[in-house]
>>> print(open('input_38.cif').read())   # mmCIF, C-alpha atoms
data_start
loop_
_atom_site.label_atom_id
_atom_site.label_comp_id
_atom_site.auth_asym_id
_atom_site.auth_seq_id
_atom_site.Cartn_x
_atom_site.Cartn_y
_atom_site.Cartn_z
CA MET U 1337 -74.59 251.20 -66.50
CA LEU U 1338 -72.62 247.97 -66.29
CA THR U 1339 -73.21 244.99 -68.55
CA ALA U 1340 -70.93 242.49 -66.78
CA ASN U 1341 -71.46 241.51 -63.15
CA TYR U 1342 -68.21 241.95 -61.22
CA ASP U 1343 -69.37 239.73 -58.38
CA ARG U 1344 -69.83 236.86 -60.82
CA LEU U 1345 -66.46 237.71 -62.37
CA GLY U 1346 -64.93 237.35 -58.90
CA LEU U 1347 -63.21 240.73 -58.86
CA ARG U 1348 -61.44 241.47 -55.57
CA PRO U 1349 -59.45 244.46 -54.28
CA GLY U 1350 -55.89 244.26 -55.53
CA ASP U 1351 -56.74 242.20 -58.62
CA SER U 1352 -55.30 243.28 -61.95
CA ILE U 1353 -57.95 243.62 -64.65
CA LEU U 1354 -57.90 244.39 -68.37
CA ASP U 1355 -60.91 246.19 -69.83
CA LEU U 1356 -60.52 245.54 -73.55
CA GLY U 1357 -62.46 247.91 -75.77
CA CYS U 1358 -63.08 250.16 -72.79
CA GLY U 1359 -64.87 252.90 -74.74
CA PHE U 1360 -65.30 255.79 -72.37
CA GLY U 1361 -64.64 253.63 -69.33
CA ARG U 1362 -67.82 252.53 -67.58
CA HIS U 1363 -66.45 249.09 -66.63
CA ALA U 1364 -62.93 250.38 -65.94
CA PHE U 1365 -64.16 253.03 -63.50
CA GLU U 1366 -66.27 250.56 -61.51
CA ALA U 1367 -63.34 248.13 -61.29
CA ALA U 1368 -61.13 250.92 -59.93
CA ARG U 1369 -63.79 251.90 -57.40
CA ARG U 1370 -63.73 248.29 -56.20
CA GLY U 1371 -59.99 248.52 -55.58
CA ALA U 1372 -58.65 246.75 -58.67
CA ASN U 1373 -55.55 247.69 -60.64
CA VAL U 1374 -57.04 248.58 -64.01
CA VAL U 1375 -55.69 248.72 -67.53
CA ALA U 1376 -58.27 250.16 -69.94
CA LEU U 1377 -57.42 249.53 -73.60
CA ASP U 1378 -59.15 250.86 -76.69
CA ALA U 1379 -58.25 251.40 -80.34
CA GLY U 1380 -59.61 254.94 -80.26
CA ARG U 1381 -57.39 257.81 -79.14
CA ASP U 1382 -60.29 259.96 -77.95
CA GLU U 1383 -61.61 257.15 -75.79
CA VAL U 1384 -58.22 256.48 -74.21
CA GLU U 1385 -57.58 260.14 -73.48
CA GLY U 1386 -61.05 260.49 -71.99
CA VAL U 1387 -60.58 257.50 -69.69
CA ALA U 1388 -57.17 258.74 -68.54
CA ALA U 1389 -58.64 262.17 -67.75
CA THR U 1390 -61.51 260.63 -65.78
CA PHE U 1391 -59.12 258.43 -63.79
CA ALA U 1392 -57.16 261.58 -62.86
CA ALA U 1393 -60.36 263.39 -61.89
CA MET U 1394 -61.44 260.45 -59.72
CA VAL U 1395 -58.14 260.61 -57.85
CA GLN U 1396 -58.50 264.36 -57.32
CA ALA U 1397 -62.07 263.91 -56.10
CA GLY U 1398 -60.96 261.29 -53.57
CA GLU U 1399 -62.83 258.44 -55.28
CA LEU U 1400 -59.59 256.53 -55.77
CA ALA U 1401 -56.82 256.26 -53.21
CA THR U 1402 -53.43 257.13 -54.68
CA GLY U 1403 -50.66 254.68 -53.91
CA GLN U 1404 -53.07 251.80 -53.21
CA LEU U 1405 -53.96 250.93 -56.79
CA HIS U 1406 -52.77 251.63 -60.30
CA THR U 1407 -54.78 252.68 -63.34
CA ALA U 1408 -53.72 253.11 -66.95
CA ALA U 1409 -55.39 253.88 -70.26
CA VAL U 1410 -53.68 252.40 -73.32
CA GLN U 1411 -54.30 252.70 -77.04
CA GLY U 1412 -53.82 249.32 -78.66
CA ASP U 1413 -54.91 246.57 -81.03
CA ALA U 1414 -57.05 243.70 -79.75
CA LEU U 1415 -55.24 241.34 -82.13
CA HIS U 1416 -51.79 242.22 -80.74
CA LEU U 1417 -52.13 243.06 -77.05
CA PRO U 1418 -49.01 244.76 -75.66
CA PHE U 1419 -48.86 242.64 -72.51
CA PRO U 1420 -46.95 239.55 -71.34
CA ASP U 1421 -48.62 236.17 -71.02
CA GLY U 1422 -50.79 235.59 -67.94
CA VAL U 1423 -50.43 239.08 -66.49
CA PHE U 1424 -54.10 239.76 -65.59
CA ASP U 1425 -56.26 238.19 -62.88
CA ARG U 1426 -59.48 239.24 -64.62
CA VAL U 1427 -60.39 240.29 -68.15
CA ILE U 1428 -63.53 241.98 -69.42
CA CYS U 1429 -64.41 242.52 -73.07
CA SER U 1430 -67.80 244.20 -73.45
CA GLU U 1431 -69.55 244.69 -76.81
CA VAL U 1432 -66.32 244.43 -78.82
CA LEU U 1433 -66.01 241.06 -80.57
CA GLU U 1434 -68.97 241.72 -82.89
CA HIS U 1435 -66.86 244.51 -84.45
CA ILE U 1436 -63.69 242.46 -85.09
CA HIS U 1437 -63.20 240.49 -88.31
CA ASP U 1438 -60.73 238.00 -86.82
CA ASP U 1439 -62.63 237.47 -83.59
CA LEU U 1440 -60.94 234.13 -82.90
CA ALA U 1441 -57.52 235.81 -82.88
CA ALA U 1442 -58.83 238.42 -80.44
CA MET U 1443 -60.20 235.68 -78.21
CA GLY U 1444 -56.81 233.98 -78.30
CA GLU U 1445 -55.12 237.18 -77.18
CA LEU U 1446 -57.59 237.59 -74.31
CA ALA U 1447 -56.88 234.03 -73.19
CA ARG U 1448 -53.13 234.56 -73.50
CA VAL U 1449 -52.95 237.57 -71.16
CA LEU U 1450 -55.24 235.98 -68.53
CA ARG U 1451 -53.38 234.07 -65.83
CA PRO U 1452 -54.17 230.39 -65.20
CA GLY U 1453 -57.01 230.35 -62.67
CA GLY U 1454 -58.14 233.82 -63.75
CA THR U 1455 -61.64 234.71 -64.90
CA MET U 1456 -63.13 236.58 -67.84
CA ALA U 1457 -66.45 238.18 -68.84
CA ILE U 1458 -67.36 238.53 -72.51
CA THR U 1459 -70.45 240.43 -73.63
CA VAL U 1460 -71.92 240.70 -77.13
CA PRO U 1461 -75.35 241.60 -78.53
CA ARG U 1462 -77.86 238.79 -78.03
CA TYR U 1463 -78.94 236.88 -81.12
CA GLY U 1464 -82.72 237.46 -81.13
CA PRO U 1465 -82.85 241.22 -80.46
CA GLU U 1466 -79.89 241.77 -82.78
CA VAL U 1467 -81.54 239.91 -85.67
CA ILE U 1468 -84.56 242.20 -85.33
CA ASN U 1469 -82.32 245.29 -85.42
CA TRP U 1470 -80.60 244.09 -88.60
CA ALA U 1471 -83.94 243.25 -90.22
CA LEU U 1472 -85.39 246.67 -89.44
CA SER U 1473 -82.42 248.81 -90.46
CA ASP U 1474 -79.30 248.42 -92.59
CA ALA U 1475 -78.01 251.67 -91.10
CA TYR U 1476 -77.94 250.06 -87.64
CA HIS U 1477 -74.97 247.85 -88.52
CA ASN U 1478 -73.79 248.76 -92.03
CA VAL U 1479 -71.54 251.64 -90.98
CA PRO U 1480 -67.75 251.94 -90.64
CA GLY U 1481 -66.71 250.08 -87.51
CA GLY U 1482 -70.21 248.64 -87.07
CA HIS U 1483 -71.36 245.16 -86.17
CA ILE U 1484 -70.18 242.57 -88.69
CA ARG U 1485 -71.72 239.44 -87.19
CA ILE U 1486 -74.50 238.18 -84.94
CA TYR U 1487 -73.49 235.50 -82.44
CA ARG U 1488 -75.56 232.54 -81.49
CA ARG U 1489 -74.80 231.62 -77.90
CA SER U 1490 -73.53 228.17 -78.83
CA VAL U 1491 -71.13 229.59 -81.44
CA LEU U 1492 -69.77 232.22 -79.07
CA MET U 1493 -69.16 229.66 -76.34
CA SER U 1494 -67.60 227.19 -78.77
CA ARG U 1495 -65.13 229.75 -80.09
CA LEU U 1496 -64.15 230.86 -76.60
CA SER U 1497 -63.66 227.24 -75.55
CA SER U 1498 -61.45 226.61 -78.58
CA VAL U 1499 -58.82 229.07 -77.27
CA GLY U 1500 -58.49 227.24 -73.97
CA LEU U 1501 -61.14 228.90 -71.83
CA ARG U 1502 -63.82 227.13 -69.80
CA VAL U 1503 -67.37 228.50 -69.80
CA THR U 1504 -68.69 228.82 -66.23
CA GLY U 1505 -72.03 230.56 -66.80
CA HIS U 1506 -74.01 233.19 -68.64
CA HIS U 1507 -76.93 235.58 -68.29
CA TYR U 1508 -78.66 238.36 -70.20
CA ALA U 1509 -78.84 242.10 -69.54
CA HIS U 1510 -80.50 245.34 -70.68
CA GLY U 1511 -84.03 244.11 -71.26
CA LEU U 1512 -85.29 247.70 -71.39
CA HIS U 1513 -82.85 248.59 -74.15
CA SER U 1514 -83.97 246.17 -76.86
CA PRO U 1515 -87.33 247.90 -77.52
CA TYR U 1516 -85.54 251.25 -77.60
CA TRP U 1517 -83.25 250.07 -80.38
CA TRP U 1518 -86.11 248.45 -82.29
CA LEU U 1519 -87.86 251.81 -82.19
CA LYS U 1520 -84.68 253.59 -83.31
CA CYS U 1521 -84.29 251.19 -86.21
CA LEU U 1522 -87.92 251.77 -87.25
CA VAL U 1523 -87.75 255.58 -87.30
CA GLY U 1524 -84.09 255.94 -88.30
CA THR U 1525 -81.04 255.37 -86.14
CA THR U 1526 -79.99 259.02 -86.36
CA ASN U 1527 -83.50 260.43 -85.87
CA GLU U 1528 -83.26 262.01 -82.43
CA SER U 1529 -86.27 264.30 -82.96
CA ASN U 1530 -88.85 261.52 -82.93
CA ARG U 1531 -91.10 262.04 -79.91
CA LEU U 1532 -91.30 258.36 -78.98
CA VAL U 1533 -87.51 258.03 -79.16
CA GLN U 1534 -87.11 261.07 -76.93
CA LEU U 1535 -89.58 259.75 -74.35
CA TYR U 1536 -88.01 256.30 -74.28
CA HIS U 1537 -84.56 257.83 -73.93
CA ARG U 1538 -85.76 259.80 -70.92
CA LEU U 1539 -87.02 256.54 -69.41
CA LEU U 1540 -83.61 254.92 -69.85
CA VAL U 1541 -81.80 257.89 -68.35
CA TRP U 1542 -84.20 257.88 -65.39
CA ASP U 1543 -83.50 254.19 -64.88
CA ILE U 1544 -79.71 254.66 -65.05
CA MET U 1545 -79.63 257.71 -62.79
CA LYS U 1546 -82.31 256.88 -60.23
CA ALA U 1547 -82.83 253.10 -60.49
CA PRO U 1548 -86.51 253.32 -59.46
CA ARG U 1549 -88.18 250.12 -58.36
CA VAL U 1550 -90.58 250.03 -61.32
CA THR U 1551 -87.86 250.06 -63.99
CA ARG U 1552 -85.57 247.75 -62.03
CA ARG U 1553 -88.45 245.26 -61.78
CA ALA U 1554 -89.14 245.60 -65.50
CA GLU U 1555 -85.46 245.06 -66.27
CA TRP U 1556 -85.41 241.93 -64.11
CA ILE U 1557 -88.42 240.52 -65.97
CA LEU U 1558 -87.40 241.51 -69.48
CA SER U 1559 -83.68 240.70 -69.48
CA PRO U 1560 -84.05 236.89 -69.64
CA LEU U 1561 -86.63 237.31 -72.42
CA ILE U 1562 -85.34 240.12 -74.63
CA GLY U 1563 -82.15 241.37 -72.98
CA LYS U 1564 -80.01 243.14 -75.57
CA SER U 1565 -76.72 241.61 -74.36
CA ILE U 1566 -75.52 238.15 -73.44
CA ILE U 1567 -72.74 237.93 -70.87
CA VAL U 1568 -70.57 234.80 -70.80
CA TYR U 1569 -68.28 234.06 -67.84
CA LEU U 1570 -65.17 231.98 -68.31
CA SER U 1571 -62.09 230.77 -66.47
CA LYS U 1572 -58.64 229.75 -67.64
CA PRO U 1573 -57.71 226.31 -66.33
CA GLU U 1574 -54.74 225.98 -64.02
CA ALA U 1575 -51.66 224.40 -65.54
CA PRO U 1576 -51.39 220.64 -64.85
#
>>> encode(input="input_38.cif", output="structure tokens")
Amino acid sequence: MLTANYDRLGLRPGDSILDLGCGFGRHAFEAARRGANVVALDAGRDEVEGVAATFAAMVQAGELATGQLHTAAVQGDALHLPFPDGVFDRVICSEVLEHIHDDLAAMGELARVLRPGGTMAITVPRYGPEVINWALSDAYHNVPGGHIRIYRRSVLMSRLSSVGLRVTGHHYAHGLHSPYWWLKCLVGTTNESNRLVQLYHRLLVWDIMKAPRVTRRAEWILSPLIGKSIIVYLSKPEAP
């Protein structure tokens, strides 16, 4: 389940892309399938090892052509990226900045490693649905490594612009997921035995695995209204 739209990002075969905060690799794997050279970076060792193992399995299964693209999984710090300036054509950072205390420094690092003329997609939880989650449950965000801020769209765009990036557009995603998390916050974020939570989870899995028309239509209607994530697209201006 992707949050960013790679067509809007402008990803093309042969592009080099950084997936910062890759988690277990959903965006990195799709970029590789599209023929990009992918570097997936995360602070967690388990996540990095899992992504590297999946890349290897994809090659063995014939999903990725060896010799035609390069993939790597790297453990690293978003505030001190281990890459030269301007080395990536595309950058994606999905659901990461809300966890980082010095988010402006992280944004500066993302801008630094993006080449002039390159593009970026940043996703964070959307203000309205996130405020409801925080109001319903302290346990939703008040955990080690949890969310430490809620972004208004204007603030997010202003901070990204301040590090030399140009906002080119935005949209919202995961309209079906906001009610699920409101329900989780009501009954307890770790309460997996609740019948309503179980039924809603089955609905989400059905949507992800089968993409039936009814849930895709609901997602299309709900995302602009209550989508859980906002996705901001940016470019780095060419040098004068």
>>> residues_near_point(input="input_38.cif", point="(-71.7, 242.4, -68.1)", cutoff="8 Å", atoms="all atoms listed in the file", output="PyMOL selection string")
chain U and resi 1338-1342+1430+1457-1459+1509+1566-1567
>>> atom_distance(input="input_38.cif", atom1="CA of Arg1448 (chain U)", atom2="CA of Val1375 (chain U)")
15.6 Å
>>> closest_residue(input="input_38.cif", among="U:Gln1411, U:Asn1373, U:Ser1490, U:Asn1530", to="Ile1353 (chain U)", atoms="all atoms listed in the file")
U:Asn1373
>>> closest_residue(input="input_38.cif", among="U:Ser1494, U:Thr1407, U:Ser1565, U:Asn1469", to="Leu1440 (chain U)", atoms="only C-alpha atoms")
U:Ser1494
>>> atom_distance(input="input_38.cif", atom1="CA of Ala1372 (chain U)", atom2="CA of Gly1422 (chain U)")
16.5 Å
>>> residues_near_point(input="input_38.cif", point="(-83.2, 246.2, -64.2)", cutoff="10 Å", atoms="all atoms listed in the file", output="short mmCIF file (atom, residue, chain, number, x, y, z; two decimals) with C-alpha atoms, keeping the file's coordinate frame")
data_model
loop_
_atom_site.label_atom_id
_atom_site.label_comp_id
_atom_site.auth_asym_id
_atom_site.auth_seq_id
_atom_site.Cartn_x
_atom_site.Cartn_y
_atom_site.Cartn_z
CA ALA U 1509 -78.84 242.10 -69.54
CA HIS U 1510 -80.50 245.34 -70.68
CA GLY U 1511 -84.03 244.11 -71.26
CA LEU U 1512 -85.29 247.70 -71.39
CA ASP U 1543 -83.50 254.19 -64.88
CA ILE U 1544 -79.71 254.66 -65.05
CA ALA U 1547 -82.83 253.10 -60.49
CA PRO U 1548 -86.51 253.32 -59.46
CA ARG U 1549 -88.18 250.12 -58.36
CA VAL U 1550 -90.58 250.03 -61.32
CA THR U 1551 -87.86 250.06 -63.99
CA ARG U 1552 -85.57 247.75 -62.03
CA ARG U 1553 -88.45 245.26 -61.78
CA ALA U 1554 -89.14 245.60 -65.50
CA GLU U 1555 -85.46 245.06 -66.27
CA TRP U 1556 -85.41 241.93 -64.11
CA ILE U 1557 -88.42 240.52 -65.97
CA LEU U 1558 -87.40 241.51 -69.48
CA SER U 1559 -83.68 240.70 -69.48
#
>>> residues_around(input="input_38.cif", residues="Leu1345 (chain U)", least_positions_apart="2", cutoff="10 Å", atoms="only C-alpha atoms", output="PyMOL selection string")
chain U and resi 1340-1343+1347-1348+1426-1428+1454-1457+1504+1568-1571
>>> write_last_selection(input="input_38.cif", atoms="C-alpha atoms", output="compact mmCIF listing (two decimals), keeping the file's coordinate frame")
# COMPACT_ATOMS: atom_id res chain seq x y z
CA ALA U 1340 -70.93 242.49 -66.78
CA ASN U 1341 -71.46 241.51 -63.15
CA TYR U 1342 -68.21 241.95 -61.22
CA ASP U 1343 -69.37 239.73 -58.38
CA LEU U 1347 -63.21 240.73 -58.86
CA ARG U 1348 -61.44 241.47 -55.57
CA ARG U 1426 -59.48 239.24 -64.62
CA VAL U 1427 -60.39 240.29 -68.15
CA ILE U 1428 -63.53 241.98 -69.42
CA GLY U 1454 -58.14 233.82 -63.75
CA THR U 1455 -61.64 234.71 -64.90
CA MET U 1456 -63.13 236.58 -67.84
CA ALA U 1457 -66.45 238.18 -68.84
CA THR U 1504 -68.69 228.82 -66.23
CA VAL U 1568 -70.57 234.80 -70.80
CA TYR U 1569 -68.28 234.06 -67.84
CA LEU U 1570 -65.17 231.98 -68.31
CA SER U 1571 -62.09 230.77 -66.47
